[in-house]
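Structure file input-v5.pdb (PDB, C-alpha atoms and all ligand atoms) is printed below.
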```pdb
ATOM      1  CA  MET A   1      24.717  -1.479 -11.674  1.00  0.00           C
ATOM      2  CA  ASN A   2      22.607  -4.652 -11.993  1.00  0.00           C
ATOM      3  CA  GLN A   3      18.913  -4.103 -11.308  1.00  0.00           C
ATOM      4  CA  VAL A   4      19.069  -6.486  -8.358  1.00  0.00           C
ATOM      5  CA  PRO A   5      21.731  -5.292  -5.905  1.00  0.00           C
ATOM      6  CA  PHE A   6      24.708  -7.634  -5.709  1.00  0.00           C
ATOM      7  CA  ILE A   7      27.436  -6.395  -3.365  1.00  0.00           C
ATOM      8  CA  ALA A   8      30.821  -8.052  -2.832  1.00  0.00           C
ATOM      9  CA  VAL A   9      33.155  -7.235   0.041  1.00  0.00           C
ATOM     10  CA  GLU A  10      36.799  -7.703  -0.922  1.00  0.00           C
ATOM     11  CA  GLY A  11      40.287  -7.151   0.427  1.00  0.00           C
ATOM     12  CA  PRO A  12      43.362  -9.113   1.437  1.00  0.00           C
ATOM     13  CA  ILE A  13      43.406 -11.891   4.031  1.00  0.00           C
ATOM     14  CA  GLY A  14      42.120 -10.732   7.420  1.00  0.00           C
ATOM     15  CA  ALA A  15      40.904  -7.319   6.198  1.00  0.00           C
ATOM     16  CA  GLY A  16      37.466  -7.941   7.693  1.00  0.00           C
ATOM     17  CA  LYS A  17      35.478  -9.104   4.628  1.00  0.00           C
ATOM     18  CA  THR A  18      33.349 -11.724   6.372  1.00  0.00           C
ATOM     19  CA  THR A  19      32.762  -9.418   9.332  1.00  0.00           C
ATOM     20  CA  LEU A  20      31.692  -6.455   7.194  1.00  0.00           C
ATOM     21  CA  ALA A  21      29.651  -8.564   4.738  1.00  0.00           C
ATOM     22  CA  THR A  22      27.728 -10.085   7.647  1.00  0.00           C
ATOM     23  CA  MET A  23      27.100  -6.642   9.194  1.00  0.00           C
ATOM     24  CA  LEU A  24      26.013  -5.133   5.853  1.00  0.00           C
ATOM     25  CA  ALA A  25      23.681  -8.033   5.105  1.00  0.00           C
ATOM     26  CA  ALA A  26      22.007  -7.659   8.505  1.00  0.00           C
ATOM     27  CA  GLU A  27      21.707  -3.884   8.114  1.00  0.00           C
ATOM     28  CA  LEU A  28      20.364  -4.049   4.550  1.00  0.00           C
ATOM     29  CA  ASN A  29      18.228  -7.114   5.231  1.00  0.00           C
ATOM     30  CA  MET A  30      19.879  -9.190   2.520  1.00  0.00           C
ATOM     31  CA  PRO A  31      21.150 -12.796   2.539  1.00  0.00           C
ATOM     32  CA  VAL A  32      24.905 -13.161   2.941  1.00  0.00           C
ATOM     33  CA  LEU A  33      27.052 -15.473   0.860  1.00  0.00           C
ATOM     34  CA  LYS A  34      30.176 -16.648   2.696  1.00  0.00           C
ATOM     35  CA  GLU A  35      33.324 -18.373   1.598  1.00  0.00           C
ATOM     36  CA  ILE A  36      33.633 -21.886   3.060  1.00  0.00           C
ATOM     37  CA  VAL A  37      37.108 -22.020   4.598  1.00  0.00           C
ATOM     38  CA  GLU A  38      37.194 -24.601   7.367  1.00  0.00           C
ATOM     39  CA  GLU A  39      36.361 -27.567   5.082  1.00  0.00           C
ATOM     40  CA  ASN A  40      39.003 -26.683   2.504  1.00  0.00           C
ATOM     41  CA  PRO A  41      41.263 -29.783   2.331  1.00  0.00           C
ATOM     42  CA  PHE A  42      44.240 -27.996   0.754  1.00  0.00           C
ATOM     43  CA  LEU A  43      44.702 -24.771   2.746  1.00  0.00           C
ATOM     44  CA  ASP A  44      46.896 -26.109   5.532  1.00  0.00           C
ATOM     45  CA  LYS A  45      49.056 -28.053   3.044  1.00  0.00           C
ATOM     46  CA  PHE A  46      49.278 -24.930   0.849  1.00  0.00           C
ATOM     47  CA  TYR A  47      50.665 -22.784   3.657  1.00  0.00           C
ATOM     48  CA  GLN A  48      53.290 -25.469   4.365  1.00  0.00           C
ATOM     49  CA  ASN A  49      54.395 -25.681   0.713  1.00  0.00           C
ATOM     50  CA  ILE A  50      52.908 -23.137  -1.681  1.00  0.00           C
ATOM     51  CA  ASP A  51      54.666 -24.357  -4.841  1.00  0.00           C
ATOM     52  CA  GLU A  52      53.558 -27.940  -4.290  1.00  0.00           C
ATOM     53  CA  TRP A  53      49.876 -27.281  -3.504  1.00  0.00           C
ATOM     54  CA  SER A  54      48.968 -24.054  -5.314  1.00  0.00           C
ATOM     55  CA  PHE A  55      47.332 -25.588  -8.400  1.00  0.00           C
ATOM     56  CA  GLN A  56      45.076 -27.911  -6.384  1.00  0.00           C
ATOM     57  CA  LEU A  57      44.150 -25.089  -4.014  1.00  0.00           C
ATOM     58  CA  GLU A  58      43.392 -22.506  -6.714  1.00  0.00           C
ATOM     59  CA  MET A  59      41.298 -25.029  -8.676  1.00  0.00           C
ATOM     60  CA  PHE A  60      39.414 -25.996  -5.518  1.00  0.00           C
ATOM     61  CA  PHE A  61      38.576 -22.344  -4.773  1.00  0.00           C
ATOM     62  CA  LEU A  62      37.581 -21.728  -8.375  1.00  0.00           C
ATOM     63  CA  CYS A  63      35.254 -24.734  -8.635  1.00  0.00           C
ATOM     64  CA  ASN A  64      33.619 -24.020  -5.281  1.00  0.00           C
ATOM     65  CA  ARG A  65      33.061 -20.362  -6.053  1.00  0.00           C
ATOM     66  CA  TYR A  66      31.776 -21.148  -9.539  1.00  0.00           C
ATOM     67  CA  LYS A  67      29.170 -23.522  -8.069  1.00  0.00           C
ATOM     68  CA  GLN A  68      28.236 -21.205  -5.192  1.00  0.00           C
ATOM     69  CA  LEU A  69      27.880 -18.153  -7.449  1.00  0.00           C
ATOM     70  CA  GLY A  70      25.989 -20.106 -10.116  1.00  0.00           C
ATOM     71  CA  ASP A  71      23.486 -21.239  -7.469  1.00  0.00           C
ATOM     72  CA  THR A  72      23.265 -17.702  -6.084  1.00  0.00           C
ATOM     73  CA  GLU A  73      22.563 -16.324  -9.534  1.00  0.00           C
ATOM     74  CA  SER A  74      19.776 -18.795 -10.322  1.00  0.00           C
ATOM     75  CA  GLN A  75      18.218 -19.081  -6.867  1.00  0.00           C
ATOM     76  CA  LEU A  76      18.506 -15.512  -5.599  1.00  0.00           C
ATOM     77  CA  ILE A  77      19.597 -12.795  -8.015  1.00  0.00           C
ATOM     78  CA  ARG A  78      17.436 -13.911 -10.966  1.00  0.00           C
ATOM     79  CA  GLN A  79      14.522 -14.268  -8.547  1.00  0.00           C
ATOM     80  CA  GLY A  80      14.947 -10.620  -7.527  1.00  0.00           C
ATOM     81  CA  THR A  81      16.710 -11.179  -4.176  1.00  0.00           C
ATOM     82  CA  PRO A  82      19.682  -8.882  -3.495  1.00  0.00           C
ATOM     83  CA  VAL A  83      22.840 -10.489  -2.074  1.00  0.00           C
ATOM     84  CA  VAL A  84      25.932  -9.494  -0.110  1.00  0.00           C
ATOM     85  CA  SER A  85      28.957 -11.741  -0.653  1.00  0.00           C
ATOM     86  CA  ASP A  86      32.213 -11.871   1.291  1.00  0.00           C
ATOM     87  CA  TYR A  87      34.170 -12.403  -1.922  1.00  0.00           C
ATOM     88  CA  HIS A  88      34.275 -11.518  -5.622  1.00  0.00           C
ATOM     89  CA  ILE A  89      35.162 -14.199  -8.184  1.00  0.00           C
ATOM     90  CA  TYR A  90      37.960 -11.947  -9.417  1.00  0.00           C
ATOM     91  CA  LYS A  91      39.971 -12.818  -6.309  1.00  0.00           C
ATOM     92  CA  ASN A  92      40.742 -16.150  -7.983  1.00  0.00           C
ATOM     93  CA  LEU A  93      42.848 -14.306 -10.524  1.00  0.00           C
ATOM     94  CA  ILE A  94      44.485 -12.091  -7.902  1.00  0.00           C
ATOM     95  CA  PHE A  95      45.715 -15.127  -5.967  1.00  0.00           C
ATOM     96  CA  SER A  96      46.474 -17.439  -8.884  1.00  0.00           C
ATOM     97  CA  GLU A  97      48.567 -14.867 -10.731  1.00  0.00           C
ATOM     98  CA  ARG A  98      50.721 -14.739  -7.630  1.00  0.00           C
ATOM     99  CA  THR A  99      50.853 -18.440  -6.666  1.00  0.00           C
ATOM    100  CA  LEU A 100      50.935 -20.237 -10.055  1.00  0.00           C
ATOM    101  CA  LYS A 101      53.693 -20.295 -12.626  1.00  0.00           C
ATOM    102  CA  GLY A 102      54.234 -21.163 -16.297  1.00  0.00           C
ATOM    103  CA  ARG A 103      51.874 -23.663 -17.941  1.00  0.00           C
ATOM    104  CA  GLU A 104      49.744 -24.085 -14.833  1.00  0.00           C
ATOM    105  CA  ARG A 105      49.124 -20.352 -14.626  1.00  0.00           C
ATOM    106  CA  GLU A 106      48.193 -20.196 -18.302  1.00  0.00           C
ATOM    107  CA  LYS A 107      45.852 -23.220 -18.076  1.00  0.00           C
ATOM    108  CA  TYR A 108      44.253 -21.811 -14.937  1.00  0.00           C
ATOM    109  CA  ARG A 109      43.630 -18.444 -16.643  1.00  0.00           C
ATOM    110  CA  GLN A 110      41.849 -20.191 -19.519  1.00  0.00           C
ATOM    111  CA  ILE A 111      39.689 -22.276 -17.165  1.00  0.00           C
ATOM    112  CA  TYR A 112      38.926 -19.187 -15.087  1.00  0.00           C
ATOM    113  CA  HIS A 113      37.584 -17.336 -18.121  1.00  0.00           C
ATOM    114  CA  VAL A 114      35.587 -20.304 -19.425  1.00  0.00           C
ATOM    115  CA  LEU A 115      33.899 -20.758 -16.042  1.00  0.00           C
ATOM    116  CA  THR A 116      33.351 -17.173 -15.002  1.00  0.00           C
ATOM    117  CA  ASP A 117      32.998 -14.836 -17.982  1.00  0.00           C
ATOM    118  CA  ASP A 118      29.212 -15.216 -18.152  1.00  0.00           C
ATOM    119  CA  LEU A 119      28.552 -15.190 -14.394  1.00  0.00           C
ATOM    120  CA  THR A 120      26.603 -12.242 -13.023  1.00  0.00           C
ATOM    121  CA  LYS A 121      29.163  -9.982 -11.336  1.00  0.00           C
ATOM    122  CA  PRO A 122      28.552  -7.686  -8.364  1.00  0.00           C
ATOM    123  CA  GLY A 123      27.626  -4.110  -9.226  1.00  0.00           C
ATOM    124  CA  VAL A 124      29.284  -2.826  -6.047  1.00  0.00           C
ATOM    125  CA  ILE A 125      32.587  -3.882  -4.506  1.00  0.00           C
ATOM    126  CA  VAL A 126      33.386  -2.696  -0.993  1.00  0.00           C
ATOM    127  CA  TYR A 127      37.171  -2.929  -1.000  1.00  0.00           C
ATOM    128  CA  ILE A 128      38.765  -2.945   2.460  1.00  0.00           C
ATOM    129  CA  LYS A 129      42.398  -1.979   2.220  1.00  0.00           C
ATOM    130  CA  ALA A 130      44.627  -2.344   5.259  1.00  0.00           C
ATOM    131  CA  SER A 131      48.287  -2.290   6.255  1.00  0.00           C
ATOM    132  CA  LEU A 132      50.373  -5.391   6.890  1.00  0.00           C
ATOM    133  CA  GLU A 133      50.331  -4.598  10.599  1.00  0.00           C
ATOM    134  CA  THR A 134      46.521  -4.516  10.739  1.00  0.00           C
ATOM    135  CA  LEU A 135      46.163  -7.704   8.710  1.00  0.00           C
ATOM    136  CA  LEU A 136      48.656  -9.603  10.855  1.00  0.00           C
ATOM    137  CA  ALA A 137      46.867  -8.487  14.020  1.00  0.00           C
ATOM    138  CA  ARG A 138      43.504  -9.663  12.662  1.00  0.00           C
ATOM    139  CA  ILE A 139      44.868 -12.968  11.392  1.00  0.00           C
ATOM    140  CA  ALA A 140      46.311 -13.547  14.873  1.00  0.00           C
ATOM    141  CA  LYS A 141      42.994 -12.569  16.469  1.00  0.00           C
ATOM    142  CA  ARG A 142      41.062 -14.999  14.239  1.00  0.00           C
ATOM    143  CA  GLY A 143      43.486 -17.706  15.283  1.00  0.00           C
ATOM    144  CA  ARG A 144      43.265 -20.235  12.411  1.00  0.00           C
ATOM    145  CA  SER A 145      46.253 -22.458  13.126  1.00  0.00           C
ATOM    146  CA  PHE A 146      47.336 -22.929   9.479  1.00  0.00           C
ATOM    147  CA  GLU A 147      47.503 -19.142   8.918  1.00  0.00           C
ATOM    148  CA  GLN A 148      49.691 -18.297  11.886  1.00  0.00           C
ATOM    149  CA  ALA A 149      52.999 -18.991  10.139  1.00  0.00           C
ATOM    150  CA  MET A 150      52.006 -17.110   6.988  1.00  0.00           C
ATOM    151  CA  ASP A 151      54.976 -15.516   5.275  1.00  0.00           C
ATOM    152  CA  GLU A 152      54.766 -11.742   5.772  1.00  0.00           C
ATOM    153  CA  ALA A 153      56.224 -11.167   2.302  1.00  0.00           C
ATOM    154  CA  TYR A 154      53.334 -13.179   0.777  1.00  0.00           C
ATOM    155  CA  LEU A 155      50.778 -11.067   2.639  1.00  0.00           C
ATOM    156  CA  GLN A 156      52.523  -7.813   1.715  1.00  0.00           C
ATOM    157  CA  GLN A 157      52.579  -8.925  -1.922  1.00  0.00           C
ATOM    158  CA  LEU A 158      48.841  -9.640  -1.758  1.00  0.00           C
ATOM    159  CA  ILE A 159      48.199  -6.147  -0.372  1.00  0.00           C
ATOM    160  CA  GLU A 160      49.942  -4.749  -3.447  1.00  0.00           C
ATOM    161  CA  ASP A 161      48.227  -7.213  -5.803  1.00  0.00           C
ATOM    162  CA  TYR A 162      44.835  -6.126  -4.447  1.00  0.00           C
ATOM    163  CA  GLU A 163      45.715  -2.481  -5.018  1.00  0.00           C
ATOM    164  CA  SER A 164      46.684  -3.155  -8.649  1.00  0.00           C
ATOM    165  CA  ALA A 165      43.654  -5.384  -9.222  1.00  0.00           C
ATOM    166  CA  MET A 166      41.174  -2.800  -7.936  1.00  0.00           C
ATOM    167  CA  ALA A 167      42.829  -0.067 -10.008  1.00  0.00           C
ATOM    168  CA  SER A 168      42.655  -2.264 -13.083  1.00  0.00           C
ATOM    169  CA  LEU A 169      39.003  -3.271 -12.445  1.00  0.00           C
ATOM    170  CA  ALA A 170      38.081   0.409 -12.204  1.00  0.00           C
ATOM    171  CA  VAL A 171      39.355   0.791 -15.771  1.00  0.00           C
ATOM    172  CA  THR A 172      38.203  -2.495 -17.340  1.00  0.00           C
ATOM    173  CA  GLU A 173      34.792  -2.596 -15.612  1.00  0.00           C
ATOM    174  CA  PRO A 174      33.740   1.044 -15.192  1.00  0.00           C
ATOM    175  CA  GLN A 175      30.142  -0.088 -14.615  1.00  0.00           C
ATOM    176  CA  THR A 176      31.249  -1.592 -11.269  1.00  0.00           C
ATOM    177  CA  THR A 177      31.273   0.808  -8.332  1.00  0.00           C
ATOM    178  CA  ILE A 178      34.268   0.340  -6.050  1.00  0.00           C
ATOM    179  CA  ILE A 179      33.897   1.789  -2.560  1.00  0.00           C
ATOM    180  CA  THR A 180      37.280   1.839  -0.841  1.00  0.00           C
ATOM    181  CA  VAL A 181      37.323   1.532   2.950  1.00  0.00           C
ATOM    182  CA  ASP A 182      40.482   2.414   4.850  1.00  0.00           C
ATOM    183  CA  GLY A 183      40.590  -0.577   7.171  1.00  0.00           C
ATOM    184  CA  ASP A 184      43.287   0.991   9.361  1.00  0.00           C
ATOM    185  CA  ALA A 185      41.347   4.163  10.060  1.00  0.00           C
ATOM    186  CA  MET A 186      37.738   2.938   9.797  1.00  0.00           C
ATOM    187  CA  ASP A 187      36.812   0.522  12.566  1.00  0.00           C
ATOM    188  CA  PHE A 188      33.362  -0.602  11.469  1.00  0.00           C
ATOM    189  CA  VAL A 189      33.234  -3.092  14.378  1.00  0.00           C
ATOM    190  CA  ALA A 190      33.924  -0.743  17.294  1.00  0.00           C
ATOM    191  CA  GLU A 191      32.675   2.560  15.873  1.00  0.00           C
ATOM    192  CA  PRO A 192      28.988   2.650  14.867  1.00  0.00           C
ATOM    193  CA  GLN A 193      29.505   5.916  12.960  1.00  0.00           C
ATOM    194  CA  HIS A 194      32.218   4.322  10.814  1.00  0.00           C
ATOM    195  CA  PHE A 195      29.866   1.484   9.927  1.00  0.00           C
ATOM    196  CA  ALA A 196      27.046   3.978   9.255  1.00  0.00           C
ATOM    197  CA  ALA A 197      29.295   5.865   6.825  1.00  0.00           C
ATOM    198  CA  ILE A 198      29.971   2.673   4.858  1.00  0.00           C
ATOM    199  CA  VAL A 199      26.264   1.767   4.840  1.00  0.00           C
ATOM    200  CA  ALA A 200      25.403   5.242   3.539  1.00  0.00           C
ATOM    201  CA  GLN A 201      27.869   4.873   0.648  1.00  0.00           C
ATOM    202  CA  VAL A 202      26.505   1.451  -0.251  1.00  0.00           C
ATOM    203  CA  LYS A 203      22.885   2.623  -0.093  1.00  0.00           C
ATOM    204  CA  GLU A 204      23.713   5.541  -2.362  1.00  0.00           C
ATOM    205  CA  ARG A 205      24.905   3.073  -5.036  1.00  0.00           C
ATOM    206  CA  ILE A 206      22.029   0.593  -4.804  1.00  0.00           C
ATOM    207  CA  THR A 207      18.959   2.797  -4.502  1.00  0.00           C
TER     208      THR A 207
HETATM  209  N1  LIG B   1      37.284  -3.525  12.110  1.00  0.00           N
HETATM  210  C1  LIG B   1      37.738  -4.521  12.860  1.00  0.00           C
HETATM  211  N2  LIG B   1      38.291  -4.283  14.058  1.00  0.00           N
HETATM  212  C2  LIG B   1      38.763  -5.273  14.818  1.00  0.00           C
HETATM  213  N3  LIG B   1      38.713  -6.573  14.492  1.00  0.00           N
HETATM  214  C3  LIG B   1      38.171  -6.877  13.317  1.00  0.00           C
HETATM  215  C4  LIG B   1      37.664  -5.894  12.445  1.00  0.00           C
HETATM  216  N4  LIG B   1      37.200  -6.509  11.331  1.00  0.00           N
HETATM  217  C5  LIG B   1      37.415  -7.829  11.505  1.00  0.00           C
HETATM  218  N5  LIG B   1      37.974  -8.049  12.713  1.00  0.00           N
HETATM  219  C6  LIG B   1      38.401  -9.346  13.247  1.00  0.00           C
HETATM  220  O1  LIG B   1      39.546  -9.729  12.475  1.00  0.00           O
HETATM  221  C7  LIG B   1      39.493 -11.118  12.157  1.00  0.00           C
HETATM  222  C8  LIG B   1      39.465 -11.287  10.635  1.00  0.00           C
HETATM  223  O2  LIG B   1      38.225 -10.781  10.137  1.00  0.00           O
HETATM  224  P1  LIG B   1      37.462 -11.520   8.952  1.00  0.00           P
HETATM  225  O3  LIG B   1      36.158 -10.825   8.787  1.00  0.00           O
HETATM  226  O4  LIG B   1      37.450 -13.008   9.157  1.00  0.00           O
HETATM  227  O5  LIG B   1      38.449 -11.153   7.733  1.00  0.00           O
HETATM  228  P2  LIG B   1      38.488 -11.677   6.215  1.00  0.00           P
HETATM  229  O6  LIG B   1      37.143 -12.299   5.921  1.00  0.00           O
HETATM  230  O7  LIG B   1      38.754 -10.460   5.397  1.00  0.00           O
HETATM  231  O8  LIG B   1      39.616 -12.641   6.132  1.00  0.00           O
HETATM  232  C9  LIG B   1      38.265 -11.680  12.874  1.00  0.00           C
HETATM  233  O9  LIG B   1      38.682 -12.206  14.118  1.00  0.00           O
HETATM  234  C10 LIG B   1      37.371 -10.460  13.074  1.00  0.00           C
HETATM  235  O10 LIG B   1      36.562 -10.600  14.229  1.00  0.00           O
HETATM  236  N1  LIG B   2      45.792 -19.216  -2.635  1.00  0.00           N
HETATM  237  C1  LIG B   2      44.555 -18.775  -2.339  1.00  0.00           C
HETATM  238  N2  LIG B   2      44.217 -18.586  -1.063  1.00  0.00           N
HETATM  239  C2  LIG B   2      42.993 -18.121  -0.810  1.00  0.00           C
HETATM  240  C3  LIG B   2      42.074 -17.827  -1.827  1.00  0.00           C
HETATM  241  N3  LIG B   2      40.934 -17.381  -1.254  1.00  0.00           N
HETATM  242  C4  LIG B   2      41.129 -17.395   0.045  1.00  0.00           C
HETATM  243  N4  LIG B   2      42.363 -17.856   0.333  1.00  0.00           N
HETATM  244  C5  LIG B   2      42.913 -18.148   1.672  1.00  0.00           C
HETATM  245  C6  LIG B   2      43.331 -16.961   2.449  1.00  0.00           C
HETATM  246  C7  LIG B   2      42.966 -17.329   3.862  1.00  0.00           C
HETATM  247  O1  LIG B   2      43.984 -18.127   4.442  1.00  0.00           O
HETATM  248  C8  LIG B   2      41.733 -18.204   3.699  1.00  0.00           C
HETATM  249  C9  LIG B   2      40.427 -17.482   3.862  1.00  0.00           C
HETATM  250  O2  LIG B   2      40.443 -16.261   3.119  1.00  0.00           O
HETATM  251  P1  LIG B   2      39.929 -14.882   3.750  1.00  0.00           P
HETATM  252  O3  LIG B   2      40.444 -13.813   2.831  1.00  0.00           O
HETATM  253  O4  LIG B   2      38.439 -14.993   3.756  1.00  0.00           O
HETATM  254  O5  LIG B   2      40.513 -14.792   5.116  1.00  0.00           O
HETATM  255  O6  LIG B   2      41.846 -18.743   2.398  1.00  0.00           O
HETATM  256  C10 LIG B   2      42.443 -18.051  -3.172  1.00  0.00           C
HETATM  257  O7  LIG B   2      41.675 -17.857  -4.145  1.00  0.00           O
HETATM  258  N5  LIG B   2      43.700 -18.539  -3.386  1.00  0.00           N
END
```

Take the structure I supplied and represent it as structure tokens, if you would.
Amino acid sequence: MNQVPFIAVEGPIGAGKTTLATMLAAELNMPVLKEIVEENPFLDKFYQNIDEWSFQLEMFFLCNRYKQLGDTESQLIRQGTPVVSDYHIYKNLIFSERTLKGREREKYRQIYHVLTDDLTKPGVIVYIKASLETLLARIAKRGRSFEQAMDEAYLQQLIEDYESAMASLAVTEPQTTIITVDGDAMDFVAEPQHFAAIVAQVKERIT
């Protein structure tokens, strides 16, 4: 892995990425990098009409993440400060391959590679996988209004897309360690020993 630990927590919507990234950062005494969601001007429109708003939304996420990760690289990682992030840049491809079509998908792919190929990538991904039932319960618990009418088929498709993406990353980027957490069975919020088990696996990879 990279000399300076860079850990990303990933998984489908509502899996617990922000929660676990925040807990890991506190436990490991590292800064946490969080996705900015509430100020996103396209998310509510996107959930009302995916075909109409997907290109604007995917480009918005890509540009924001590119800037945030570029700043993180220069201001923290290159200065020797380890980081925990609640996303990996690769999620842009996971979502865009599902939401975009035709020429827009092809253009987006090209822009994605131009912007991100030389970014420093996390050496460890903590991938939280969870069932549709668990994700729906957590999305309801979080209570963001624009997510409440999310199409279950879209979420189920994302669960499968994440599975394929992590399997493919394991092959194309063997230098990246992927730690898979069963988000249905492992309750890192309520069960301290479940959280401790995740921390132990992460520490093993970064020390
Ligand atoms: N292990 C867990 N058990 C119960 N609730 C959880 C757990 N992990 C996260 N949550 C709750 O589920 C909701 C979604 O979690 P969040 O961390 O925002 O997910 P993500 O960042 O993956 O979308 C939040 O309300 C959070 O408090
Ligand atoms: N179409 C996309 N939607 C995305 C992307 N990244 C996040 N999201 C959505 C999913 C949630 O509604 C919200 C916050 O994501 P969490 O996984 O942190 O809950 O934003 C994306 O790249 N494309």

Taking only C-alpha atoms and all ligand atoms into account, which residues have an atom no farther than 6 Å from ligand LIG 1 (chain B)? I'd like them as a list in words.
Ile13, Gly14, Ala15, Gly16, Lys17, Thr18, Thr19, Arg138, Ile139, Lys141, Arg142, Asp187, Phe188 and Val189 of chain A

For the residues in the current selection, export C-alpha atoms as a PDB file, keeping the file's coordinate frame.
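Result file is selection.pdb:
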```
ATOM      1  CA  ILE A  13      43.406 -11.891   4.031  1.00  0.00           C
ATOM      2  CA  GLY A  14      42.120 -10.732   7.420  1.00  0.00           C
ATOM      3  CA  ALA A  15      40.904  -7.319   6.198  1.00  0.00           C
ATOM      4  CA  GLY A  16      37.466  -7.941   7.693  1.00  0.00           C
ATOM      5  CA  LYS A  17      35.478  -9.104   4.628  1.00  0.00           C
ATOM      6  CA  THR A  18      33.349 -11.724   6.372  1.00  0.00           C
ATOM      7  CA  THR A  19      32.762  -9.418   9.332  1.00  0.00           C
ATOM      8  CA  ARG A 138      43.504  -9.663  12.662  1.00  0.00           C
ATOM      9  CA  ILE A 139      44.868 -12.968  11.392  1.00  0.00           C
ATOM     10  CA  LYS A 141      42.994 -12.569  16.469  1.00  0.00           C
ATOM     11  CA  ARG A 142      41.062 -14.999  14.239  1.00  0.00           C
ATOM     12  CA  ASP A 187      36.812   0.522  12.566  1.00  0.00           C
ATOM     13  CA  PHE A 188      33.362  -0.602  11.469  1.00  0.00           C
ATOM     14  CA  VAL A 189      33.234  -3.092  14.378  1.00  0.00           C
TER      15      VAL A 189
END
```

Exercise: residues within 10 Å of coordinate (26.0, -8.6, -1.9), counting all atoms listed in the file, as a list in words:
Val4, Pro5, Phe6, Ile7, Ala8, Val9, Ala21, Thr22, Leu24, Ala25, Leu28, Met30, Pro31, Val32, Leu33, Ile77, Thr81, Pro82, Val83, Val84, Ser85, Asp86, Tyr87, His88, Pro122, Gly123, Val124, Ile125 and Val126 of chain A

Interatomic distance (Å, one decimal) between atom CA of Tyr66 of chain A and atom CA of Glu35 of chain A:
11.6 Å

Go through A:His194, A:Lys107, A:Lys129, A:Lys34 and flag the residue nearest ligand LIG 2 (chain B), using only C-alpha atoms and all ligand atoms for the distances.
A:Lys34

As AutoDock Vina command-line options, please report the centre and edge lengths, rounded to one decimal in Å, of the axis-aligned box that holds all listed atoms of ligand LIG 2 (chain B) with 8 Å of padding on each of the six sides.
```
--center_x 42.1 --center_y -16.5 --center_z 0.5 --size_x 23.4 --size_y 21.4 --size_z 25.3
```

List the residues matched by the PyMOL selection byres (((chain A and resi 152-169) around 9) and not hetatm) in the displayed structure as a ChimeraX atom specification, ordered by chain and then by residue number.
/A:10-13,90-91,94-95,98,127,129-132,135-136,149-151,170-174,176,178

Selection in question (the file shown): the PyMOL selection byres (((chain A and resi 99) around 12) and not hetatm). Which residues does it include, as a PyMOL selection string?
chain A and resi 46-47+49-59+92-98+100-102+104-105+108+154-155+157-158+161

Gap from atom CA of Asp44 of chain A to atom CA of Asp71 of chain A - Å, one decimal:
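So the answer is 27.2 Å.
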
Give me the residues near segment 117-119 of chain A as a ChimeraX atom specification, where near means some atom within 9 Å (using all atoms listed in the file) and where sequence neighbours in that chain fewer than 5 positions away do not count.
/A:66,69-70,73,112

Ligand LIG 2 (chain B) proximity check over A:Gln3, A:Asn29, A:Asn64, A:Thr72, using all atoms listed in the file: winner is A:Asn64

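Compared by their closest atoms to ligand LIG 2 (chain B), and using only C-alpha atoms and all ligand atoms, the residues A:Met23, A:Ala185, A:Ala200, A:Val37 rank with A:Val37 nearest.
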
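Minimum distance to ligand LIG 2 (chain B) across A:Thr120, A:Thr134, A:Gln110, A:Asn40 (counting only C-alpha atoms and all ligand atoms) occurs at A:Asn40.
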
In terms of the shortest atom-to-atom distance over all atoms listed in the file, which of A:Gln68, A:Ser74, A:Gln148, A:Thr116 is closest to ligand LIG 2 (chain B)?
A:Gln148
